$ cat upload.cif   # mmCIF, C-alpha atoms and all ligand atoms
data_query
#
loop_
_atom_site.group_PDB
_atom_site.id
_atom_site.type_symbol
_atom_site.label_atom_id
_atom_site.label_comp_id
_atom_site.auth_asym_id
_atom_site.auth_seq_id
_atom_site.Cartn_x
_atom_site.Cartn_y
_atom_site.Cartn_z
ATOM 1 C CA MET A 10 50.676 82.449 297.936
ATOM 2 C CA LYS A 11 47.135 81.938 299.264
ATOM 3 C CA ILE A 12 44.606 84.619 298.417
ATOM 4 C CA ILE A 13 40.939 85.152 299.267
ATOM 5 C CA MET A 14 38.776 87.383 297.076
ATOM 6 C CA LEU A 15 36.058 89.196 299.014
ATOM 7 C CA GLY A 16 33.319 91.382 297.593
ATOM 8 C CA ALA A 17 29.608 91.631 296.845
ATOM 9 C CA PRO A 18 27.985 89.506 294.136
ATOM 10 C CA GLY A 19 29.101 90.985 290.826
ATOM 11 C CA ALA A 20 31.956 93.004 292.317
ATOM 12 C CA GLY A 21 34.372 91.307 289.921
ATOM 13 C CA LYS A 22 35.853 88.603 292.165
ATOM 14 C CA GLY A 23 35.751 86.003 289.393
ATOM 15 C CA THR A 24 37.153 88.405 286.787
ATOM 16 C CA GLN A 25 40.099 89.393 288.984
ATOM 17 C CA ALA A 26 40.676 85.859 290.324
ATOM 18 C CA LYS A 27 41.095 84.631 286.755
ATOM 19 C CA MET A 28 43.633 87.393 285.995
ATOM 20 C CA ILE A 29 45.564 86.640 289.210
ATOM 21 C CA SER A 30 45.494 82.938 288.406
ATOM 22 C CA GLU A 31 47.029 83.544 284.968
ATOM 23 C CA LYS A 32 49.702 86.033 286.066
ATOM 24 C CA TYR A 33 50.846 84.220 289.203
ATOM 25 C CA GLY A 34 50.209 80.632 288.060
ATOM 26 C CA LEU A 35 47.829 79.848 290.920
ATOM 27 C CA PRO A 36 44.715 77.670 290.610
ATOM 28 C CA HIS A 37 41.447 79.647 290.635
ATOM 29 C CA VAL A 38 39.088 77.938 293.080
ATOM 30 C CA SER A 39 35.497 79.180 292.875
ATOM 31 C CA THR A 40 32.815 77.428 294.947
ATOM 32 C CA GLY A 41 30.169 78.999 292.678
ATOM 33 C CA ASP A 42 31.872 77.459 289.601
ATOM 34 C CA ILE A 43 32.083 74.067 291.361
ATOM 35 C CA PHE A 44 28.345 74.198 292.153
ATOM 36 C CA ARG A 45 27.475 75.287 288.597
ATOM 37 C CA ALA A 46 29.566 72.433 287.118
ATOM 38 C CA ASN A 47 27.652 70.012 289.368
ATOM 39 C CA ILE A 48 24.313 71.469 288.273
ATOM 40 C CA LYS A 49 25.321 71.079 284.639
ATOM 41 C CA ASN A 50 26.344 67.447 285.209
ATOM 42 C CA GLY A 51 23.125 66.707 287.110
ATOM 43 C CA THR A 52 24.877 65.426 290.255
ATOM 44 C CA GLU A 53 23.135 65.120 293.606
ATOM 45 C CA LEU A 54 25.210 68.026 294.932
ATOM 46 C CA GLY A 55 24.147 70.074 291.904
ATOM 47 C CA MET A 56 20.451 69.403 292.493
ATOM 48 C CA GLU A 57 20.760 70.262 296.181
ATOM 49 C CA SER A 58 22.769 73.469 295.668
ATOM 50 C CA LYS A 59 20.554 74.743 292.824
ATOM 51 C CA LYS A 60 17.618 75.172 295.226
ATOM 52 C CA TYR A 61 19.591 77.660 297.293
ATOM 53 C CA MET A 62 21.384 79.390 294.427
ATOM 54 C CA ASP A 63 18.218 80.113 292.446
ATOM 55 C CA ALA A 64 16.705 81.715 295.558
ATOM 56 C CA GLY A 65 19.818 83.842 296.101
ATOM 57 C CA GLN A 66 20.535 82.046 299.392
ATOM 58 C CA LEU A 67 23.792 80.465 300.524
ATOM 59 C CA VAL A 68 24.343 76.746 300.126
ATOM 60 C CA PRO A 69 24.593 75.351 303.702
ATOM 61 C CA ASP A 70 28.058 75.434 305.284
ATOM 62 C CA GLU A 71 28.106 71.630 305.823
ATOM 63 C CA LEU A 72 28.017 71.049 302.066
ATOM 64 C CA THR A 73 30.262 73.931 301.050
ATOM 65 C CA VAL A 74 33.096 73.472 303.527
ATOM 66 C CA LYS A 75 33.740 69.842 302.633
ATOM 67 C CA ILE A 76 33.847 70.611 298.924
ATOM 68 C CA LEU A 77 36.304 73.451 299.432
ATOM 69 C CA LEU A 78 38.614 71.548 301.789
ATOM 70 C CA ASP A 79 38.715 68.580 299.373
ATOM 71 C CA ARG A 80 39.525 70.909 296.489
ATOM 72 C CA VAL A 81 42.411 72.733 298.199
ATOM 73 C CA ALA A 82 43.877 69.382 299.314
ATOM 74 C CA GLU A 83 44.487 68.502 295.658
ATOM 75 C CA ASP A 84 48.036 68.507 294.296
ATOM 76 C CA ASP A 85 47.786 71.660 292.177
ATOM 77 C CA CYS A 86 46.970 73.710 295.314
ATOM 78 C CA LYS A 87 50.212 72.788 297.102
ATOM 79 C CA ASN A 88 51.890 76.125 296.353
ATOM 80 C CA GLY A 89 48.838 78.292 296.799
ATOM 81 C CA TYR A 90 45.504 79.276 295.266
ATOM 82 C CA VAL A 91 43.026 82.088 294.738
ATOM 83 C CA LEU A 92 39.709 81.493 296.509
ATOM 84 C CA ASP A 93 36.729 83.160 294.845
ATOM 85 C CA GLY A 94 33.402 82.956 296.682
ATOM 86 C CA PHE A 95 34.770 81.180 299.753
ATOM 87 C CA PRO A 96 34.600 81.869 302.657
ATOM 88 C CA ARG A 97 31.213 83.523 302.677
ATOM 89 C CA THR A 98 30.319 83.164 306.365
ATOM 90 C CA ILE A 99 32.301 83.482 309.593
ATOM 91 C CA PRO A 100 31.959 79.720 310.315
ATOM 92 C CA GLN A 101 33.411 78.967 306.844
ATOM 93 C CA ALA A 102 36.347 81.311 307.548
ATOM 94 C CA GLU A 103 36.962 79.630 310.911
ATOM 95 C CA VAL A 104 36.964 76.143 309.413
ATOM 96 C CA LEU A 105 39.454 77.234 306.750
ATOM 97 C CA GLU A 106 41.666 78.917 309.328
ATOM 98 C CA ASP A 107 41.646 75.795 311.556
ATOM 99 C CA ALA A 108 42.447 73.519 308.620
ATOM 100 C CA LEU A 109 45.393 75.736 307.610
ATOM 101 C CA ASN A 110 46.601 76.081 311.218
ATOM 102 C CA LYS A 111 46.859 72.309 311.426
ATOM 103 C CA LEU A 112 49.226 72.427 308.454
ATOM 104 C CA ASN A 113 51.173 75.336 309.977
ATOM 105 C CA ASP A 114 49.895 77.438 307.131
ATOM 106 C CA LYS A 115 47.828 80.611 306.628
ATOM 107 C CA ILE A 116 46.113 82.890 304.120
ATOM 108 C CA ASP A 117 48.435 85.670 302.888
ATOM 109 C CA TYR A 118 45.925 88.206 301.558
ATOM 110 C CA ALA A 119 42.176 88.827 301.690
ATOM 111 C CA ILE A 120 41.440 91.280 298.887
ATOM 112 C CA ASN A 121 38.133 93.110 299.133
ATOM 113 C CA VAL A 122 36.889 94.346 295.749
ATOM 114 C CA ASP A 123 34.718 97.236 296.819
ATOM 115 C CA VAL A 124 31.687 98.098 294.634
ATOM 116 C CA PRO A 125 28.578 99.851 295.981
ATOM 117 C CA ASP A 126 25.165 98.183 295.601
ATOM 118 C CA GLU A 127 24.027 100.803 293.022
ATOM 119 C CA ASN A 128 26.557 99.502 290.477
ATOM 120 C CA ILE A 129 25.804 95.837 291.039
ATOM 121 C CA ILE A 130 22.431 95.407 289.333
ATOM 122 C CA SER A 131 23.681 96.673 285.937
ATOM 123 C CA ARG A 132 26.814 94.536 286.196
ATOM 124 C CA MET A 133 24.679 91.456 286.755
ATOM 125 C CA SER A 134 22.016 92.083 284.135
ATOM 126 C CA GLY A 135 24.748 92.601 281.510
ATOM 127 C CA ARG A 136 26.810 89.564 282.474
ATOM 128 C CA ARG A 137 26.786 86.586 280.125
ATOM 129 C CA ALA A 138 28.307 83.196 280.891
ATOM 130 C CA CYS A 139 29.318 80.406 278.530
ATOM 131 C CA VAL A 140 27.128 77.286 278.912
ATOM 132 C CA ASN A 141 30.126 75.105 278.106
ATOM 133 C CA CYS A 142 33.372 76.502 279.573
ATOM 134 C CA GLY A 143 31.998 78.996 282.120
ATOM 135 C CA ALA A 144 33.901 82.012 280.713
ATOM 136 C CA THR A 145 32.274 85.286 281.755
ATOM 137 C CA TYR A 146 31.586 88.384 279.652
ATOM 138 C CA HIS A 147 29.639 91.623 279.912
ATOM 139 C CA ILE A 148 27.544 92.955 277.034
ATOM 140 C CA GLN A 149 28.954 96.442 277.615
ATOM 141 C CA TYR A 150 32.193 96.155 279.591
ATOM 142 C CA ALA A 151 33.632 92.876 278.276
ATOM 143 C CA PRO A 152 31.828 92.021 275.014
ATOM 144 C CA THR A 153 32.525 88.935 272.892
ATOM 145 C CA LYS A 154 33.737 89.268 269.297
ATOM 146 C CA VAL A 155 30.501 87.697 267.998
ATOM 147 C CA GLU A 156 27.367 88.526 269.980
ATOM 148 C CA GLY A 157 26.090 85.627 272.090
ATOM 149 C CA ILE A 158 29.021 83.309 271.250
ATOM 150 C CA CYS A 159 31.927 82.466 273.575
ATOM 151 C CA ASP A 160 35.312 83.724 272.286
ATOM 152 C CA LYS A 161 37.137 80.814 273.899
ATOM 153 C CA CYS A 162 35.089 77.772 272.832
ATOM 154 C CA GLY A 163 32.390 78.961 270.414
ATOM 155 C CA SER A 164 29.442 77.840 272.590
ATOM 156 C CA GLU A 165 26.307 79.771 273.413
ATOM 157 C CA LEU A 166 26.195 82.438 276.159
ATOM 158 C CA ILE A 167 23.397 82.666 278.722
ATOM 159 C CA LEU A 168 22.223 84.938 281.538
ATOM 160 C CA ARG A 169 22.831 83.065 284.813
ATOM 161 C CA ASP A 170 19.563 81.949 286.489
ATOM 162 C CA ASP A 171 20.537 83.849 289.629
ATOM 163 C CA ASP A 172 21.321 87.098 287.767
ATOM 164 C CA LYS A 173 17.658 88.103 287.457
ATOM 165 C CA PRO A 174 17.116 91.416 289.291
ATOM 166 C CA GLU A 175 14.862 89.969 292.039
ATOM 167 C CA THR A 176 17.416 87.264 292.881
ATOM 168 C CA VAL A 177 20.297 89.746 292.769
ATOM 169 C CA LYS A 178 18.519 91.780 295.438
ATOM 170 C CA ASN A 179 18.345 88.701 297.701
ATOM 171 C CA ARG A 180 22.010 87.944 297.049
ATOM 172 C CA LEU A 181 22.943 91.482 298.075
ATOM 173 C CA ASP A 182 20.914 91.172 301.301
ATOM 174 C CA VAL A 183 22.577 87.858 302.092
ATOM 175 C CA TYR A 184 25.977 89.396 301.300
ATOM 176 C CA HIS A 185 25.478 92.273 303.753
ATOM 177 C CA LYS A 186 24.230 90.006 306.547
ATOM 178 C CA GLN A 187 26.487 86.984 306.216
ATOM 179 C CA THR A 188 29.571 87.816 304.160
ATOM 180 C CA GLN A 189 30.441 91.454 304.857
ATOM 181 C CA PRO A 190 31.439 90.596 308.478
ATOM 182 C CA LEU A 191 34.444 88.796 306.951
ATOM 183 C CA ILE A 192 35.969 92.205 306.219
ATOM 184 C CA ASP A 193 36.412 92.764 309.968
ATOM 185 C CA PHE A 194 37.473 89.145 310.472
ATOM 186 C CA TYR A 195 40.437 89.499 308.074
ATOM 187 C CA SER A 196 41.164 93.066 309.072
ATOM 188 C CA ALA A 197 41.707 91.791 312.638
ATOM 189 C CA ARG A 198 44.285 89.369 311.208
ATOM 190 C CA ASN A 199 46.090 92.194 309.363
ATOM 191 C CA ILE A 200 45.741 90.620 305.925
ATOM 192 C CA LEU A 201 42.849 92.680 304.565
ATOM 193 C CA LYS A 202 43.563 94.738 301.411
ATOM 194 C CA GLU A 203 40.928 97.017 299.899
ATOM 195 C CA VAL A 204 40.726 97.836 296.193
ATOM 196 C CA ASP A 205 38.288 100.127 294.394
ATOM 197 C CA GLY A 206 36.210 97.829 292.162
ATOM 198 C CA THR A 207 34.311 100.578 290.329
ATOM 199 C CA VAL A 208 37.138 101.382 287.892
ATOM 200 C CA SER A 209 37.940 99.362 284.748
ATOM 201 C CA MET A 210 38.934 95.696 285.049
ATOM 202 C CA ASN A 211 42.549 96.468 284.118
ATOM 203 C CA GLU A 212 42.763 99.296 286.646
ATOM 204 C CA VAL A 213 41.402 97.030 289.388
ATOM 205 C CA PHE A 214 44.022 94.455 288.399
ATOM 206 C CA GLU A 215 46.813 97.078 288.550
ATOM 207 C CA SER A 216 45.859 97.832 292.174
ATOM 208 C CA ILE A 217 45.935 94.120 292.953
ATOM 209 C CA ILE A 218 49.368 93.677 291.360
ATOM 210 C CA SER A 219 50.706 96.530 293.458
ATOM 211 C CA ILE A 220 49.566 94.619 296.555
ATOM 212 C CA LEU A 221 50.785 91.158 295.534
ATOM 213 C CA GLY A 222 54.037 92.373 293.990
HETATM 214 P P1 LIG A 301 29.191 82.896 293.044
HETATM 215 O O1 LIG A 301 29.297 82.252 291.747
HETATM 216 O O2 LIG A 301 30.392 83.016 293.913
HETATM 217 O O3 LIG A 301 28.483 84.321 292.868
HETATM 218 P P2 LIG A 301 28.656 85.748 293.583
HETATM 219 O O4 LIG A 301 29.506 85.884 294.778
HETATM 220 O O5 LIG A 301 27.260 86.176 293.771
HETATM 221 O O6 LIG A 301 29.501 86.496 292.643
HETATM 222 P P3 LIG A 301 29.403 86.562 291.114
HETATM 223 O O7 LIG A 301 30.070 85.391 290.486
HETATM 224 O O8 LIG A 301 27.975 86.832 290.731
HETATM 225 O O9 LIG A 301 30.217 87.908 290.849
HETATM 226 P P4 LIG A 301 31.780 88.156 290.761
HETATM 227 O O10 LIG A 301 32.183 88.992 291.924
HETATM 228 O O11 LIG A 301 32.529 86.905 290.492
HETATM 229 O O12 LIG A 301 31.771 89.105 289.489
HETATM 230 P P5 LIG A 301 32.258 88.866 287.981
HETATM 231 O O13 LIG A 301 33.736 88.833 287.922
HETATM 232 O O14 LIG A 301 31.506 87.754 287.319
HETATM 233 O O15 LIG A 301 28.064 82.157 293.916
HETATM 234 C C1 LIG A 301 26.803 81.859 293.350
HETATM 235 C C2 LIG A 301 25.935 81.172 294.397
HETATM 236 O O16 LIG A 301 26.554 79.937 294.806
HETATM 237 C C3 LIG A 301 25.732 81.954 295.714
HETATM 238 O O17 LIG A 301 24.683 82.882 295.626
HETATM 239 C C4 LIG A 301 25.462 80.796 296.679
HETATM 240 O O18 LIG A 301 24.135 80.354 296.559
HETATM 241 C C5 LIG A 301 26.385 79.701 296.189
HETATM 242 N N1 LIG A 301 27.705 79.738 296.843
HETATM 243 C C6 LIG A 301 28.928 79.951 296.265
HETATM 244 N N2 LIG A 301 29.916 79.923 297.165
HETATM 245 C C7 LIG A 301 29.320 79.684 298.366
HETATM 246 C C8 LIG A 301 29.811 79.567 299.712
HETATM 247 N N3 LIG A 301 31.122 79.683 299.993
HETATM 248 N N4 LIG A 301 28.903 79.329 300.691
HETATM 249 C C9 LIG A 301 27.600 79.203 300.427
HETATM 250 N N5 LIG A 301 27.066 79.322 299.198
HETATM 251 C C10 LIG A 301 27.914 79.556 298.165
HETATM 252 O O19 LIG A 301 31.764 90.251 287.363
HETATM 253 C C11 LIG A 301 30.377 90.543 287.237
HETATM 254 C C12 LIG A 301 30.096 91.189 285.867
HETATM 255 O O20 LIG A 301 30.682 92.486 285.836
HETATM 256 C C13 LIG A 301 30.712 90.429 284.676
HETATM 257 O O21 LIG A 301 29.850 90.518 283.583
HETATM 258 C C14 LIG A 301 32.017 91.166 284.407
HETATM 259 O O22 LIG A 301 32.395 91.066 283.057
HETATM 260 C C15 LIG A 301 31.684 92.596 284.828
HETATM 261 N N6 LIG A 301 32.819 93.298 285.448
HETATM 262 C C16 LIG A 301 33.757 92.769 286.296
HETATM 263 N N7 LIG A 301 34.647 93.729 286.671
HETATM 264 C C17 LIG A 301 34.247 94.886 286.066
HETATM 265 C C18 LIG A 301 34.738 96.225 286.062
HETATM 266 N N8 LIG A 301 35.827 96.573 286.780
HETATM 267 N N9 LIG A 301 34.072 97.156 285.340
HETATM 268 C C19 LIG A 301 32.954 96.796 284.608
HETATM 269 N N10 LIG A 301 32.441 95.548 284.576
HETATM 270 C C20 LIG A 301 33.074 94.609 285.281
HETATM 271 MG MG MG A 302 31.981 84.882 290.214
#

$ encode --input "upload.cif" --output "structure tokens"
Amino acid sequence: MKIIMLGAPGAGKGTQAKMISEKYGLPHVSTGDIFRANIKNGTELGMESKKYMDAGQLVPDELTVKILLDRVAEDDCKNGYVLDGFPRTIPQAEVLEDALNKLNDKIDYAINVDVPDENIISRMSGRRACVNCGATYHIQYAPTKVEGICDKCGSELILRDDDKPETVKNRLDVYHKQTQPLIDFYSARNILKEVDGTVSMNEVFESIISILG
């Protein structure tokens, strides 16, 4: 099964992708996580992508597409995957579609986690991410057992550089201009599924399970 998670920044794509990955045994492929791992390791790709991410802009398609296609060509993706944060532009969606067509393959579902802009800023300002393993929490909606410490690995939690309110506003603008058109793109292919992302994480996941079976 091949699934794309769509939705605004902070809609809960990563949260739901992780839950899908665990229940259905599919690798969770997040371009944002790949970029952040590269930033942490100080790679050239990390240094290049950080400039765009910190400004709330998209990393150019030339860089992003290659990384994604290399990742889904790996062995663990043979039986499917959950894409989180890719595609984010129509050209990215077209490249993915062409690559799959060549393999006689296709995406099964594009799930749009729908959350209005008003809810996004508080989601982002309360999000905390682990510096070490990347696990994500929310100070109110998904708190850790010990404040500021990751439940999974015991490392310190931080506010992502791009979760500052002024950057979040840019990310939302970019989302509406460049990513939202993907809703029509996948709707035209009859694989778009909408879920209400404003309810609790478990309720969102229940709606997703009822779609995926
Ligand atoms: P990326 O990491 O993909 O960020 P994003 O799309 O902006 O999305 P987020 O990760 O911020 O939000 P999310 O939807 O995953 O929400 P989450 O589950 O964490 O990309 C970062 C940057 O990398 C981009 O800006 C761009 O520069 C670059 N990039 C990445 N991919 C790219 C591409 N393909 N092309 C070009 N550039 C690319 O949830 C948010 C918070 O809310 C959490 O704290 C969570 O605990 C909480 N929460 C989740 N669900 C609920 C709920 N139901 N109720 C209450 N709280 C909830
Ligand atoms: Mg995410």

$ residues_around --input "upload.cif" --residues "Ala64 (chain A)" --least-positions-apart "2" --cutoff "8 Å" --atoms "only C-alpha atoms" --output "list in words"
Lys60, Tyr61, Met62, Gln66, Asp171, Thr176 and Asn179 of chain A

$ atom_distance --input "upload.cif" --atom1 "CA of Asp160 (chain A)" --atom2 "atom O22 of ligand LIG 301 (chain A)"
13.4 Å

$ residues_near_point --input "upload.cif" --point "(20.0, 89.3, 297.3)" --cutoff "12 Å" --atoms "all atoms listed in the file" --output "PyMOL selection string"
chain A and resi 17-19+61-67+126+129-130+133+171-188

$ axis_aligned_box --input "upload.cif" --around "region 75-82 of chain A" --padding-each-side "5 Å" --output "JSON"
{"center_x": 38.8, "center_y": 71.0, "center_z": 299.6, "size_x": 20.1, "size_y": 14.9, "size_z": 16.1}

$ closest_atom_pairs --input "upload.cif" --of "chain A" --to "ligand MG 302 (chain A)" --cutoff "8 Å" --atoms "only C-alpha atoms and all ligand atoms" --output "tab-separated table"
residue	atom	partner	partner_atom	distance
A:Pro18	CA	A:MG302	MG	7.3
A:Gly19	CA	A:MG302	MG	6.8
A:Gly21	CA	A:MG302	MG	6.9
A:Lys22	CA	A:MG302	MG	5.7
A:Gly23	CA	A:MG302	MG	4.0
A:Thr24	CA	A:MG302	MG	7.1
A:Ser39	CA	A:MG302	MG	7.2
A:Gly41	CA	A:MG302	MG	6.6
A:Asp42	CA	A:MG302	MG	7.4
A:Asp93	CA	A:MG302	MG	6.9
A:Gly94	CA	A:MG302	MG	6.9

$ write_last_selection --input "upload.cif" --atoms "C-alpha atoms" --output "PDB file, in the frame of the given file"
ATOM      1  CA  PRO A  18      27.985  89.506 294.136  1.00  0.00           C
ATOM      2  CA  GLY A  19      29.101  90.985 290.826  1.00  0.00           C
ATOM      3  CA  GLY A  21      34.372  91.307 289.921  1.00  0.00           C
ATOM      4  CA  LYS A  22      35.853  88.603 292.165  1.00  0.00           C
ATOM      5  CA  GLY A  23      35.751  86.003 289.393  1.00  0.00           C
ATOM      6  CA  THR A  24      37.153  88.405 286.787  1.00  0.00           C
ATOM      7  CA  SER A  39      35.497  79.180 292.875  1.00  0.00           C
ATOM      8  CA  GLY A  41      30.169  78.999 292.678  1.00  0.00           C
ATOM      9  CA  ASP A  42      31.872  77.459 289.601  1.00  0.00           C
ATOM     10  CA  ASP A  93      36.729  83.160 294.845  1.00  0.00           C
ATOM     11  CA  GLY A  94      33.402  82.956 296.682  1.00  0.00           C
TER      12      GLY A  94
END

$ atom_distance --input "upload.cif" --atom1 "CA of Glu83 (chain A)" --atom2 "CA of Leu109 (chain A)"
14.0 Å

$ atom_distance --input "upload.cif" --atom1 "CA of Arg132 (chain A)" --atom2 "CA of Glu165 (chain A)"
19.5 Å

$ closest_residue --input "upload.cif" --among "A:Gly143, A:Pro152, A:Pro96, A:Gly222" --to "Ile43 (chain A)" --atoms "only C-alpha atoms"
A:Gly143

$ residues_around --input "upload.cif" --residues "Ala108 (chain A)" --least-positions-apart "3" --cutoff "12 Å" --atoms "only C-alpha atoms" --output "ChimeraX atom specification"
/A:74-75,77-79,81-82,101-105,111-116
